[in-house]
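Below is one structure, written out as structure tokens; comments come after it.
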Amino acid sequence: MLLALTGAGISAESGVPTFRGADGLWRQFRVEDLATPGAFARDPATVWEWYRWRRDQLARALPNPGHECLARLERRRGGFSLVTQNVDGLHRRAGSTVVRELHGNIWRTVCSRRCGTVIDESPWADPPGAPAGRPDSLPACACGALLRPDVVWFGETLDQRVLGAAIDEAESADVVLVVGTSGLVYPAAALPGVARRAGATVIEINVEATPLSGEADIVLRGPASVVLPALEARR
Ligand code: NAD
């Protein structure tokens with residue numbers, strides 16, 4: 001089984017800023033003001049403003065050859081699975097149909113009390129989700145609680161079903177492609193180690209060295225949009 005674990009780096013060439021790179025989002029914003037449950041409780045308007053700004057940026061982004069390559073791999077071979085830390089939805093836009101989104105999806109809006117309301121607000125949703133309030137207002141759920149973006153904030157736990165499936169896939173993988181992740185965010189960063197201990201070959205694809213580079217059997221330095229299609233062509 002071939003497993004791909006992707007991070008913000010695969011979307012960098014689609015014009016989506018990473019978190020920790022030179023132009024990374026955390027260099028411009030304080031995480032505790034924007035992406036924590038405490039921040040949302042204190043100032044939901046500012047949190048929503050930031051997420052709407054990111055959605056506006058993402059609405060203009062298109063999948064790049066790295067995303068497209070992984071979508072082709074899913075179509076062409078059985079035994080392929082895709083786990084991503086990205087919330088941007090670009091893997092699905094590229095045509096991947098089974099995507100384990102460890103940190104959620106920025107286009108989904110959910111009830112902050114988790115009553116079960118889920119709205120897909122992506123511009124390409126079919127049918128398009130109802131817009132969650134006007135840009136200047138706070139979107140509220142029918143149950144009375146505020147709506148929030150369906151992303152995993154710092155201090156929150158991951159969806160255990162999604163994480164469990166990703167761990168199972170890491171344990172049964174023969175090869176793991178670790179693409180464009182700094183390897184600093186856990187538990188995602190533990191997956192290559194899980195796979196390696198279970199016997200998989202780990203291949204890192206990144207423009208820079210990361211804490212995961214030492215664990216990798218093969219390191220391919222370069223942009224994902226170039227390295228992934230080159231790897232595919234050699235198979
Ligand atoms: P990160 O920002 O911590 O690291 C990005 C990594 O990508 C770096 O190691 C960098 O060297 C590498 N990189 C940059 N350009 C690349 C390219 N063209 N090809 C290959 N590698 C490249 O991102 P992370 O490891 O995914 O972890 C941080 C968190 O950031 C995750 O929780 C994720 O949800 C969130 N995030 C997501 C998005 C998104 O959805 N696109 C964007 C920013 C942050």
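If you're wondering about the labels, chains in the structure tokens are A, B, ... by order shown, residues count from 1 in each chain, ligands from 1 in order shown.
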
Any idea what's packed within 8 Å of Thr181 (chain A), counting only C-alpha atoms, ignoring anything in its chain fewer than 6 positions away? Could you give it as a compact mmCIF listing (two decimals) with all heavy atoms, in the first residue's frame?
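Written out: result01.txt:
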```txt
# COMPACT_ATOMS: atom_id res chain seq x y z
N THR A 6 0.44 14.58 3.40
CA THR A 6 0.80 15.90 2.90
C THR A 6 0.61 16.99 3.95
O THR A 6 -0.16 16.85 4.88
CB THR A 6 -0.03 16.28 1.65
OG1 THR A 6 -1.42 16.41 2.00
CG2 THR A 6 0.12 15.26 0.55
N GLY A 7 1.37 18.08 3.75
CA GLY A 7 1.26 19.26 4.61
C GLY A 7 1.18 20.51 3.75
O GLY A 7 1.09 20.44 2.51
N ALA A 8 1.26 21.64 4.42
CA ALA A 8 1.03 22.92 3.75
C ALA A 8 1.94 23.14 2.53
O ALA A 8 1.58 23.86 1.60
CB ALA A 8 1.22 24.06 4.75
N GLY A 9 3.13 22.49 2.53
CA GLY A 9 4.07 22.69 1.43
C GLY A 9 3.53 22.27 0.08
O GLY A 9 3.90 22.85 -0.95
N ASN A 206 10.49 17.48 0.18
CA ASN A 206 10.40 18.79 0.82
C ASN A 206 11.51 19.67 0.25
O ASN A 206 12.56 19.17 -0.17
CB ASN A 206 10.58 18.64 2.35
CG ASN A 206 10.04 19.84 3.12
OD1 ASN A 206 10.41 20.99 2.86
ND2 ASN A 206 9.16 19.57 4.07
```

Alpha helix (DSSP H) positions in region 70-200 of chain A, given as a PyMOL selection string:
chain A and resi 70-76+90-94+160-172+191-197

Write the selection just made, keeping N, CA and C atoms, as an mmCIF file, in the first residue's frame?
```cif
data_model
loop_
_atom_site.group_PDB
_atom_site.id
_atom_site.type_symbol
_atom_site.label_atom_id
_atom_site.label_comp_id
_atom_site.auth_asym_id
_atom_site.auth_seq_id
_atom_site.Cartn_x
_atom_site.Cartn_y
_atom_site.Cartn_z
ATOM 1 N N LEU A 70 -1.196 13.153 -7.102
ATOM 2 C CA LEU A 70 -1.751 12.266 -6.074
ATOM 3 C C LEU A 70 -3.170 11.820 -6.446
ATOM 4 N N ALA A 71 -3.927 12.693 -7.093
ATOM 5 C CA ALA A 71 -5.278 12.305 -7.538
ATOM 6 C C ALA A 71 -5.172 11.196 -8.600
ATOM 7 N N ARG A 72 -4.173 11.305 -9.485
ATOM 8 C CA ARG A 72 -3.984 10.263 -10.516
ATOM 9 C C ARG A 72 -3.600 8.940 -9.860
ATOM 10 N N LEU A 73 -2.728 9.020 -8.840
ATOM 11 C CA LEU A 73 -2.310 7.782 -8.181
ATOM 12 C C LEU A 73 -3.515 7.062 -7.572
ATOM 13 N N GLU A 74 -4.450 7.831 -7.005
ATOM 14 C CA GLU A 74 -5.656 7.195 -6.447
ATOM 15 C C GLU A 74 -6.449 6.503 -7.552
ATOM 16 N N ARG A 75 -6.575 7.180 -8.694
ATOM 17 C CA ARG A 75 -7.373 6.613 -9.793
ATOM 18 C C ARG A 75 -6.708 5.391 -10.403
ATOM 19 N N ARG A 76 -5.369 5.429 -10.480
ATOM 20 C CA ARG A 76 -4.667 4.411 -11.261
ATOM 21 C C ARG A 76 -4.364 3.147 -10.494
ATOM 22 N N LEU A 90 -7.812 21.465 -1.480
ATOM 23 C CA LEU A 90 -7.255 21.397 -2.840
ATOM 24 C C LEU A 90 -7.070 19.958 -3.328
ATOM 25 N N HIS A 91 -6.874 19.009 -2.408
ATOM 26 C CA HIS A 91 -6.778 17.612 -2.877
ATOM 27 C C HIS A 91 -8.098 17.163 -3.517
ATOM 28 N N ARG A 92 -9.206 17.502 -2.873
ATOM 29 C CA ARG A 92 -10.501 17.112 -3.455
ATOM 30 C C ARG A 92 -10.734 17.848 -4.771
ATOM 31 N N ARG A 93 -10.350 19.124 -4.810
ATOM 32 C CA ARG A 93 -10.539 19.877 -6.062
ATOM 33 C C ARG A 93 -9.715 19.278 -7.191
ATOM 34 N N ALA A 94 -8.582 18.652 -6.829
ATOM 35 C CA ALA A 94 -7.738 18.027 -7.861
ATOM 36 C C ALA A 94 -8.309 16.681 -8.305
ATOM 37 N N GLN A 160 -11.160 11.315 16.186
ATOM 38 C CA GLN A 160 -10.486 10.037 16.448
ATOM 39 C C GLN A 160 -10.722 9.008 15.343
ATOM 40 N N ARG A 161 -11.854 9.132 14.629
ATOM 41 C CA ARG A 161 -12.077 8.173 13.526
ATOM 42 C C ARG A 161 -11.112 8.450 12.378
ATOM 43 N N VAL A 162 -10.899 9.726 12.087
ATOM 44 C CA VAL A 162 -9.990 10.086 10.990
ATOM 45 C C VAL A 162 -8.562 9.707 11.378
ATOM 46 N N LEU A 163 -8.180 10.043 12.605
ATOM 47 C CA LEU A 163 -6.819 9.717 13.056
ATOM 48 C C LEU A 163 -6.617 8.198 13.097
ATOM 49 N N GLY A 164 -7.631 7.471 13.597
ATOM 50 C CA GLY A 164 -7.522 6.003 13.685
ATOM 51 C C GLY A 164 -7.317 5.392 12.304
ATOM 52 N N ALA A 165 -8.071 5.890 11.323
ATOM 53 C CA ALA A 165 -7.931 5.356 9.956
ATOM 54 C C ALA A 165 -6.537 5.662 9.423
ATOM 55 N N ALA A 166 -6.027 6.862 9.723
ATOM 56 C CA ALA A 166 -4.686 7.234 9.241
ATOM 57 C C ALA A 166 -3.622 6.340 9.889
ATOM 58 N N ILE A 167 -3.769 6.049 11.167
ATOM 59 C CA ILE A 167 -2.789 5.181 11.846
ATOM 60 C C ILE A 167 -2.848 3.778 11.243
ATOM 61 N N ASP A 168 -4.058 3.262 11.008
ATOM 62 C CA ASP A 168 -4.193 1.927 10.393
ATOM 63 C C ASP A 168 -3.480 1.900 9.045
ATOM 64 N N GLU A 169 -3.671 2.965 8.273
ATOM 65 C CA GLU A 169 -3.053 2.998 6.937
ATOM 66 C C GLU A 169 -1.537 3.116 7.047
ATOM 67 N N ALA A 170 -1.059 3.870 8.028
ATOM 68 C CA ALA A 170 0.396 3.965 8.220
ATOM 69 C C ALA A 170 0.960 2.591 8.588
ATOM 70 N N GLU A 171 0.212 1.854 9.413
ATOM 71 C CA GLU A 171 0.714 0.543 9.840
ATOM 72 C C GLU A 171 0.729 -0.471 8.708
ATOM 73 N N SER A 172 -0.146 -0.281 7.704
ATOM 74 C CA SER A 172 -0.157 -1.284 6.633
ATOM 75 C C SER A 172 0.522 -0.783 5.352
ATOM 76 N N LEU A 191 3.115 9.862 12.181
ATOM 77 C CA LEU A 191 2.687 8.810 11.251
ATOM 78 C C LEU A 191 3.844 8.182 10.453
ATOM 79 N N PRO A 192 4.815 8.986 9.945
ATOM 80 C CA PRO A 192 5.924 8.331 9.236
ATOM 81 C C PRO A 192 6.675 7.334 10.128
ATOM 82 N N GLY A 193 6.853 7.685 11.411
ATOM 83 C CA GLY A 193 7.535 6.772 12.337
ATOM 84 C C GLY A 193 6.731 5.503 12.558
ATOM 85 N N VAL A 194 5.414 5.648 12.679
ATOM 86 C CA VAL A 194 4.531 4.471 12.837
ATOM 87 C C VAL A 194 4.722 3.545 11.640
ATOM 88 N N ALA A 195 4.714 4.147 10.441
ATOM 89 C CA ALA A 195 4.839 3.339 9.221
ATOM 90 C C ALA A 195 6.205 2.667 9.146
ATOM 91 N N ARG A 196 7.230 3.425 9.503
ATOM 92 C CA ARG A 196 8.592 2.891 9.392
ATOM 93 C C ARG A 196 8.790 1.715 10.347
ATOM 94 N N ARG A 197 8.289 1.877 11.573
ATOM 95 C CA ARG A 197 8.426 0.767 12.543
ATOM 96 C C ARG A 197 7.664 -0.470 12.073
#
```

12 Å contact set for Leu231 (chain A), only C-alpha atoms, chain neighbours under 2 positions out, as a PDB file with N, CA, C and O atoms, in the first residue's frame:
```pdb
ATOM      1  N   GLY A  66       1.335  18.779  -8.133  1.00  0.00           N
ATOM      2  CA  GLY A  66       1.525  17.866  -6.992  1.00  0.00           C
ATOM      3  C   GLY A  66       0.205  17.264  -6.551  1.00  0.00           C
ATOM      4  O   GLY A  66       0.069  16.036  -6.397  1.00  0.00           O
ATOM      5  N   CYS A  69      -1.060  14.922  -9.287  1.00  0.00           N
ATOM      6  CA  CYS A  69      -0.344  13.646  -9.336  1.00  0.00           C
ATOM      7  C   CYS A  69      -0.937  12.673  -8.309  1.00  0.00           C
ATOM      8  O   CYS A  69      -1.178  11.495  -8.612  1.00  0.00           O
ATOM      9  N   LEU A  70      -1.196  13.153  -7.102  1.00  0.00           N
ATOM     10  CA  LEU A  70      -1.751  12.266  -6.074  1.00  0.00           C
ATOM     11  C   LEU A  70      -3.170  11.820  -6.446  1.00  0.00           C
ATOM     12  O   LEU A  70      -3.569  10.684  -6.163  1.00  0.00           O
ATOM     13  N   LEU A  73      -2.728   9.020  -8.840  1.00  0.00           N
ATOM     14  CA  LEU A  73      -2.310   7.782  -8.181  1.00  0.00           C
ATOM     15  C   LEU A  73      -3.515   7.062  -7.572  1.00  0.00           C
ATOM     16  O   LEU A  73      -3.613   5.844  -7.616  1.00  0.00           O
ATOM     17  N   LEU A 177       4.943   8.480   1.298  1.00  0.00           N
ATOM     18  CA  LEU A 177       5.467   9.742   0.761  1.00  0.00           C
ATOM     19  C   LEU A 177       5.097  10.833   1.753  1.00  0.00           C
ATOM     20  O   LEU A 177       3.911  11.055   2.024  1.00  0.00           O
ATOM     21  N   ILE A 203       9.700   8.073   2.270  1.00  0.00           N
ATOM     22  CA  ILE A 203      10.320   8.996   1.308  1.00  0.00           C
ATOM     23  C   ILE A 203       9.858  10.409   1.632  1.00  0.00           C
ATOM     24  O   ILE A 203       8.657  10.694   1.587  1.00  0.00           O
ATOM     25  N   GLU A 204      10.781  11.274   1.977  1.00  0.00           N
ATOM     26  CA  GLU A 204      10.404  12.671   2.250  1.00  0.00           C
ATOM     27  C   GLU A 204      10.597  13.525   1.006  1.00  0.00           C
ATOM     28  O   GLU A 204      11.640  13.463   0.352  1.00  0.00           O
ATOM     29  N   ILE A 205       9.580  14.334   0.706  1.00  0.00           N
ATOM     30  CA  ILE A 205       9.671  15.287  -0.400  1.00  0.00           C
ATOM     31  C   ILE A 205       9.448  16.669   0.200  1.00  0.00           C
ATOM     32  O   ILE A 205       8.368  16.977   0.700  1.00  0.00           O
ATOM     33  N   LEU A 220      14.036  13.458  -0.981  1.00  0.00           N
ATOM     34  CA  LEU A 220      14.041  14.104  -2.291  1.00  0.00           C
ATOM     35  C   LEU A 220      13.819  15.597  -2.077  1.00  0.00           C
ATOM     36  O   LEU A 220      12.739  16.013  -1.651  1.00  0.00           O
ATOM     37  N   GLY A 222      13.141  19.171  -3.183  1.00  0.00           N
ATOM     38  CA  GLY A 222      12.607  19.923  -4.321  1.00  0.00           C
ATOM     39  C   GLY A 222      11.145  20.180  -4.101  1.00  0.00           C
ATOM     40  O   GLY A 222      10.531  19.648  -3.173  1.00  0.00           O
ATOM     41  N   ALA A 224       7.214  19.962  -4.396  1.00  0.00           N
ATOM     42  CA  ALA A 224       6.318  18.812  -4.585  1.00  0.00           C
ATOM     43  C   ALA A 224       5.754  18.758  -6.001  1.00  0.00           C
ATOM     44  O   ALA A 224       5.578  17.678  -6.568  1.00  0.00           O
ATOM     45  N   SER A 225       5.506  19.919  -6.598  1.00  0.00           N
ATOM     46  CA  SER A 225       4.864  19.940  -7.928  1.00  0.00           C
ATOM     47  C   SER A 225       5.801  19.403  -9.009  1.00  0.00           C
ATOM     48  O   SER A 225       5.358  19.048 -10.092  1.00  0.00           O
ATOM     49  N   VAL A 226       7.101  19.353  -8.701  1.00  0.00           N
ATOM     50  CA  VAL A 226       8.078  18.827  -9.661  1.00  0.00           C
ATOM     51  C   VAL A 226       8.444  17.388  -9.287  1.00  0.00           C
ATOM     52  O   VAL A 226       8.473  16.486 -10.128  1.00  0.00           O
ATOM     53  N   VAL A 227       8.710  17.174  -7.986  1.00  0.00           N
ATOM     54  CA  VAL A 227       9.223  15.863  -7.555  1.00  0.00           C
ATOM     55  C   VAL A 227       8.159  14.775  -7.691  1.00  0.00           C
ATOM     56  O   VAL A 227       8.455  13.670  -8.158  1.00  0.00           O
ATOM     57  N   LEU A 228       6.917  15.065  -7.326  1.00  0.00           N
ATOM     58  CA  LEU A 228       5.888  14.008  -7.396  1.00  0.00           C
ATOM     59  C   LEU A 228       5.669  13.514  -8.829  1.00  0.00           C
ATOM     60  O   LEU A 228       5.718  12.299  -9.073  1.00  0.00           O
ATOM     61  N   PRO A 229       5.452  14.417  -9.807  1.00  0.00           N
ATOM     62  CA  PRO A 229       5.277  13.911 -11.174  1.00  0.00           C
ATOM     63  C   PRO A 229       6.532  13.192 -11.686  1.00  0.00           C
ATOM     64  O   PRO A 229       6.425  12.210 -12.436  1.00  0.00           O
ATOM     65  N   ALA A 233       6.614   9.337 -13.021  1.00  0.00           N
ATOM     66  CA  ALA A 233       7.092   8.982 -14.357  1.00  0.00           C
ATOM     67  C   ALA A 233       8.096   7.828 -14.309  1.00  0.00           C
ATOM     68  O   ALA A 233       8.262   7.109 -15.284  1.00  0.00           O
ATOM     69  N   ARG A 234       8.760   7.652 -13.154  1.00  0.00           N
ATOM     70  CA  ARG A 234       9.775   6.588 -13.053  1.00  0.00           C
ATOM     71  C   ARG A 234       9.178   5.248 -12.667  1.00  0.00           C
ATOM     72  O   ARG A 234       9.874   4.239 -12.697  1.00  0.00           O
ATOM     73  N   ARG A 235       7.885   5.245 -12.273  1.00  0.00           N
ATOM     74  CA  ARG A 235       7.321   3.994 -11.764  1.00  0.00           C
ATOM     75  C   ARG A 235       7.023   3.027 -12.893  1.00  0.00           C
ATOM     76  O   ARG A 235       6.685   3.410 -13.964  1.00  0.00           O
TER      77      ARG A 235
END
```

Of the candidates A:Gly38, A:Gly15, A:Gly78, A:Gly89, which one gets nearest to Ala61 (chain A) if we count only C-alpha atoms?
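Closest candidate: A:Gly15.
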
Using only C-alpha atoms, which residues sit within 7 Å of Leu58 (chain A) once same-chain residues fewer than 3 positions away are excluded, as a VMD selection string?
chain A and resid 16 54 to 55 61 88

Might you pull out every residue within 8 Å of Pro149 (chain A), with only C-alpha atoms counted and same-chain residues fewer than 3 positions away left off, and present them as a list in words?
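These residues fall inside the cut-off: Trp48, Tyr51, Asn105, Ile106, Trp107, Arg108, Thr109 and Val110 of chain A.
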
Selection above as a file: all heavy atoms, as a PDB file, in the first residue's frame:
```pdb
ATOM      1  N   TRP A  48     -13.635  34.810  12.948  1.00  0.00           N
ATOM      2  CA  TRP A  48     -14.356  34.642  11.680  1.00  0.00           C
ATOM      3  C   TRP A  48     -13.774  35.526  10.581  1.00  0.00           C
ATOM      4  O   TRP A  48     -13.673  35.132   9.430  1.00  0.00           O
ATOM      5  CB  TRP A  48     -15.851  34.923  11.855  1.00  0.00           C
ATOM      6  CG  TRP A  48     -16.642  33.666  12.018  1.00  0.00           C
ATOM      7  CD1 TRP A  48     -17.370  33.274  13.107  1.00  0.00           C
ATOM      8  CD2 TRP A  48     -16.786  32.611  11.041  1.00  0.00           C
ATOM      9  NE1 TRP A  48     -17.940  32.044  12.887  1.00  0.00           N
ATOM     10  CE2 TRP A  48     -17.607  31.612  11.630  1.00  0.00           C
ATOM     11  CE3 TRP A  48     -16.302  32.410   9.756  1.00  0.00           C
ATOM     12  CZ2 TRP A  48     -17.949  30.436  10.960  1.00  0.00           C
ATOM     13  CZ3 TRP A  48     -16.632  31.232   9.085  1.00  0.00           C
ATOM     14  CH2 TRP A  48     -17.448  30.258   9.691  1.00  0.00           C
ATOM     15  N   TYR A  51     -10.777  33.771   9.217  1.00  0.00           N
ATOM     16  CA  TYR A  51     -11.094  32.606   8.383  1.00  0.00           C
ATOM     17  C   TYR A  51     -11.747  33.027   7.075  1.00  0.00           C
ATOM     18  O   TYR A  51     -11.545  32.398   6.022  1.00  0.00           O
ATOM     19  CB  TYR A  51     -11.943  31.578   9.158  1.00  0.00           C
ATOM     20  CG  TYR A  51     -11.037  30.721  10.001  1.00  0.00           C
ATOM     21  CD1 TYR A  51     -10.785  31.016  11.330  1.00  0.00           C
ATOM     22  CD2 TYR A  51     -10.352  29.647   9.435  1.00  0.00           C
ATOM     23  CE1 TYR A  51      -9.898  30.263  12.085  1.00  0.00           C
ATOM     24  CE2 TYR A  51      -9.471  28.893  10.166  1.00  0.00           C
ATOM     25  CZ  TYR A  51      -9.243  29.200  11.491  1.00  0.00           C
ATOM     26  OH  TYR A  51      -8.353  28.455  12.204  1.00  0.00           O
ATOM     27  N   ASN A 105     -11.521  20.921   7.532  1.00  0.00           N
ATOM     28  CA  ASN A 105     -11.621  21.565   6.225  1.00  0.00           C
ATOM     29  C   ASN A 105     -12.177  22.967   6.429  1.00  0.00           C
ATOM     30  O   ASN A 105     -13.230  23.147   7.036  1.00  0.00           O
ATOM     31  CB  ASN A 105     -12.549  20.734   5.323  1.00  0.00           C
ATOM     32  CG  ASN A 105     -12.567  21.239   3.908  1.00  0.00           C
ATOM     33  OD1 ASN A 105     -12.785  22.423   3.660  1.00  0.00           O
ATOM     34  ND2 ASN A 105     -12.328  20.353   2.957  1.00  0.00           N
ATOM     35  N   ILE A 106     -11.440  23.935   5.934  1.00  0.00           N
ATOM     36  CA  ILE A 106     -11.776  25.341   6.185  1.00  0.00           C
ATOM     37  C   ILE A 106     -13.101  25.744   5.539  1.00  0.00           C
ATOM     38  O   ILE A 106     -13.730  26.719   5.946  1.00  0.00           O
ATOM     39  CB  ILE A 106     -10.620  26.245   5.686  1.00  0.00           C
ATOM     40  CG1 ILE A 106     -10.656  27.607   6.370  1.00  0.00           C
ATOM     41  CG2 ILE A 106     -10.616  26.366   4.188  1.00  0.00           C
ATOM     42  CD1 ILE A 106      -9.395  28.427   6.133  1.00  0.00           C
ATOM     43  N   TRP A 107     -13.535  24.997   4.547  1.00  0.00           N
ATOM     44  CA  TRP A 107     -14.781  25.340   3.845  1.00  0.00           C
ATOM     45  C   TRP A 107     -16.020  24.824   4.556  1.00  0.00           C
ATOM     46  O   TRP A 107     -17.135  25.212   4.217  1.00  0.00           O
ATOM     47  CB  TRP A 107     -14.755  24.779   2.415  1.00  0.00           C
ATOM     48  CG  TRP A 107     -13.708  25.446   1.583  1.00  0.00           C
ATOM     49  CD1 TRP A 107     -12.520  24.911   1.190  1.00  0.00           C
ATOM     50  CD2 TRP A 107     -13.739  26.778   1.078  1.00  0.00           C
ATOM     51  NE1 TRP A 107     -11.813  25.835   0.472  1.00  0.00           N
ATOM     52  CE2 TRP A 107     -12.551  26.985   0.388  1.00  0.00           C
ATOM     53  CE3 TRP A 107     -14.671  27.818   1.148  1.00  0.00           C
ATOM     54  CZ2 TRP A 107     -12.261  28.188  -0.234  1.00  0.00           C
ATOM     55  CZ3 TRP A 107     -14.388  29.014   0.533  1.00  0.00           C
ATOM     56  CH2 TRP A 107     -13.191  29.187  -0.160  1.00  0.00           C
ATOM     57  N   ARG A 108     -15.807  23.918   5.498  1.00  0.00           N
ATOM     58  CA  ARG A 108     -16.969  23.422   6.248  1.00  0.00           C
ATOM     59  C   ARG A 108     -17.206  24.320   7.458  1.00  0.00           C
ATOM     60  O   ARG A 108     -16.265  24.715   8.144  1.00  0.00           O
ATOM     61  CB  ARG A 108     -16.752  21.980   6.723  1.00  0.00           C
ATOM     62  CG  ARG A 108     -17.108  20.932   5.681  1.00  0.00           C
ATOM     63  CD  ARG A 108     -17.213  19.559   6.295  1.00  0.00           C
ATOM     64  NE  ARG A 108     -16.131  19.254   7.195  1.00  0.00           N
ATOM     65  CZ  ARG A 108     -15.056  18.520   6.880  1.00  0.00           C
ATOM     66  NH1 ARG A 108     -14.936  18.001   5.693  1.00  0.00           N
ATOM     67  NH2 ARG A 108     -14.105  18.315   7.785  1.00  0.00           N
ATOM     68  N   THR A 109     -18.478  24.586   7.722  1.00  0.00           N
ATOM     69  CA  THR A 109     -18.876  25.360   8.892  1.00  0.00           C
ATOM     70  C   THR A 109     -19.700  24.415   9.764  1.00  0.00           C
ATOM     71  O   THR A 109     -20.564  23.699   9.247  1.00  0.00           O
ATOM     72  CB  THR A 109     -19.726  26.565   8.441  1.00  0.00           C
ATOM     73  OG1 THR A 109     -18.910  27.392   7.617  1.00  0.00           O
ATOM     74  CG2 THR A 109     -20.226  27.369   9.615  1.00  0.00           C
ATOM     75  N   VAL A 110     -19.401  24.399  11.054  1.00  0.00           N
ATOM     76  CA  VAL A 110     -20.119  23.476  11.954  1.00  0.00           C
ATOM     77  C   VAL A 110     -20.594  24.234  13.189  1.00  0.00           C
ATOM     78  O   VAL A 110     -20.093  25.314  13.516  1.00  0.00           O
ATOM     79  CB  VAL A 110     -19.244  22.283  12.408  1.00  0.00           C
ATOM     80  CG1 VAL A 110     -18.927  21.367  11.259  1.00  0.00           C
ATOM     81  CG2 VAL A 110     -17.986  22.751  13.107  1.00  0.00           C
TER      82      VAL A 110
END
```

With only C-alpha atoms as the counted atoms, please give the residues lying no more than 10 Å from Gly155 (chain A), apart from itself and same-chain residues fewer than 6 positions off, as a list in words.
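Contacts, in chain order: Ala35, Thr36, Pro37 and Gly38 of chain A.
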
Output N, CA, C and O atoms of each residue in that selection to a file, as a PDB file, in the first residue's frame.
```
ATOM      1  N   ALA A  35      -6.511  31.009  16.366  1.00  0.00           N
ATOM      2  CA  ALA A  35      -6.779  29.586  16.111  1.00  0.00           C
ATOM      3  C   ALA A  35      -6.744  28.751  17.383  1.00  0.00           C
ATOM      4  O   ALA A  35      -6.084  27.724  17.445  1.00  0.00           O
ATOM      5  N   THR A  36      -7.474  29.210  18.366  1.00  0.00           N
ATOM      6  CA  THR A  36      -7.636  28.421  19.599  1.00  0.00           C
ATOM      7  C   THR A  36      -9.093  28.539  20.033  1.00  0.00           C
ATOM      8  O   THR A  36      -9.764  29.528  19.718  1.00  0.00           O
ATOM      9  N   PRO A  37      -9.584  27.556  20.799  1.00  0.00           N
ATOM     10  CA  PRO A  37     -10.958  27.667  21.308  1.00  0.00           C
ATOM     11  C   PRO A  37     -11.114  28.905  22.185  1.00  0.00           C
ATOM     12  O   PRO A  37     -12.154  29.570  22.155  1.00  0.00           O
ATOM     13  N   GLY A  38     -10.067  29.273  22.933  1.00  0.00           N
ATOM     14  CA  GLY A  38     -10.131  30.449  23.801  1.00  0.00           C
ATOM     15  C   GLY A  38     -10.318  31.722  22.984  1.00  0.00           C
ATOM     16  O   GLY A  38     -11.079  32.617  23.359  1.00  0.00           O
TER      17      GLY A  38
END
```

Do a neighbour search on Asn64 (chain A) at 7 Å with only C-alpha atoms, toss out local chain neighbours closer than 2 positions, and write the hits as a list in words.
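Within the cut-off, the hits are Glu13, Ser14, Leu62, Gly66, His67, Glu68 and Ser225 of chain A.
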
Mind the document's chain letters and residue numbers, and return as a PyMOL selection string the residues of region 56-146 of chain A that DSSP labels strand (DSSP E or B).
chain A and resi 80-84+99-101+104-111+118-120+140+146

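Atom pair atom 1 (P, counted along the ligand's line) of ligand 1 / CA of Ser112 (chain A) has a distance of 25.9 Å (rounded to one decimal).
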
Suppose you want the space between CA of Val87 (chain A) and atom 27 (O, counted along the ligand's line) of ligand 1; what is it in Å?
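It comes out at 10.3 Å.
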
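CA of Cys111 (chain A) is found 17.7 Å from CA of Leu34 (chain A).
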
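Distances from A:Leu2, A:Ala45, A:Ala209, A:Ala145 to ligand 1 were compared using only C-alpha atoms and all ligand atoms, and the smallest one belongs to A:Ala209.
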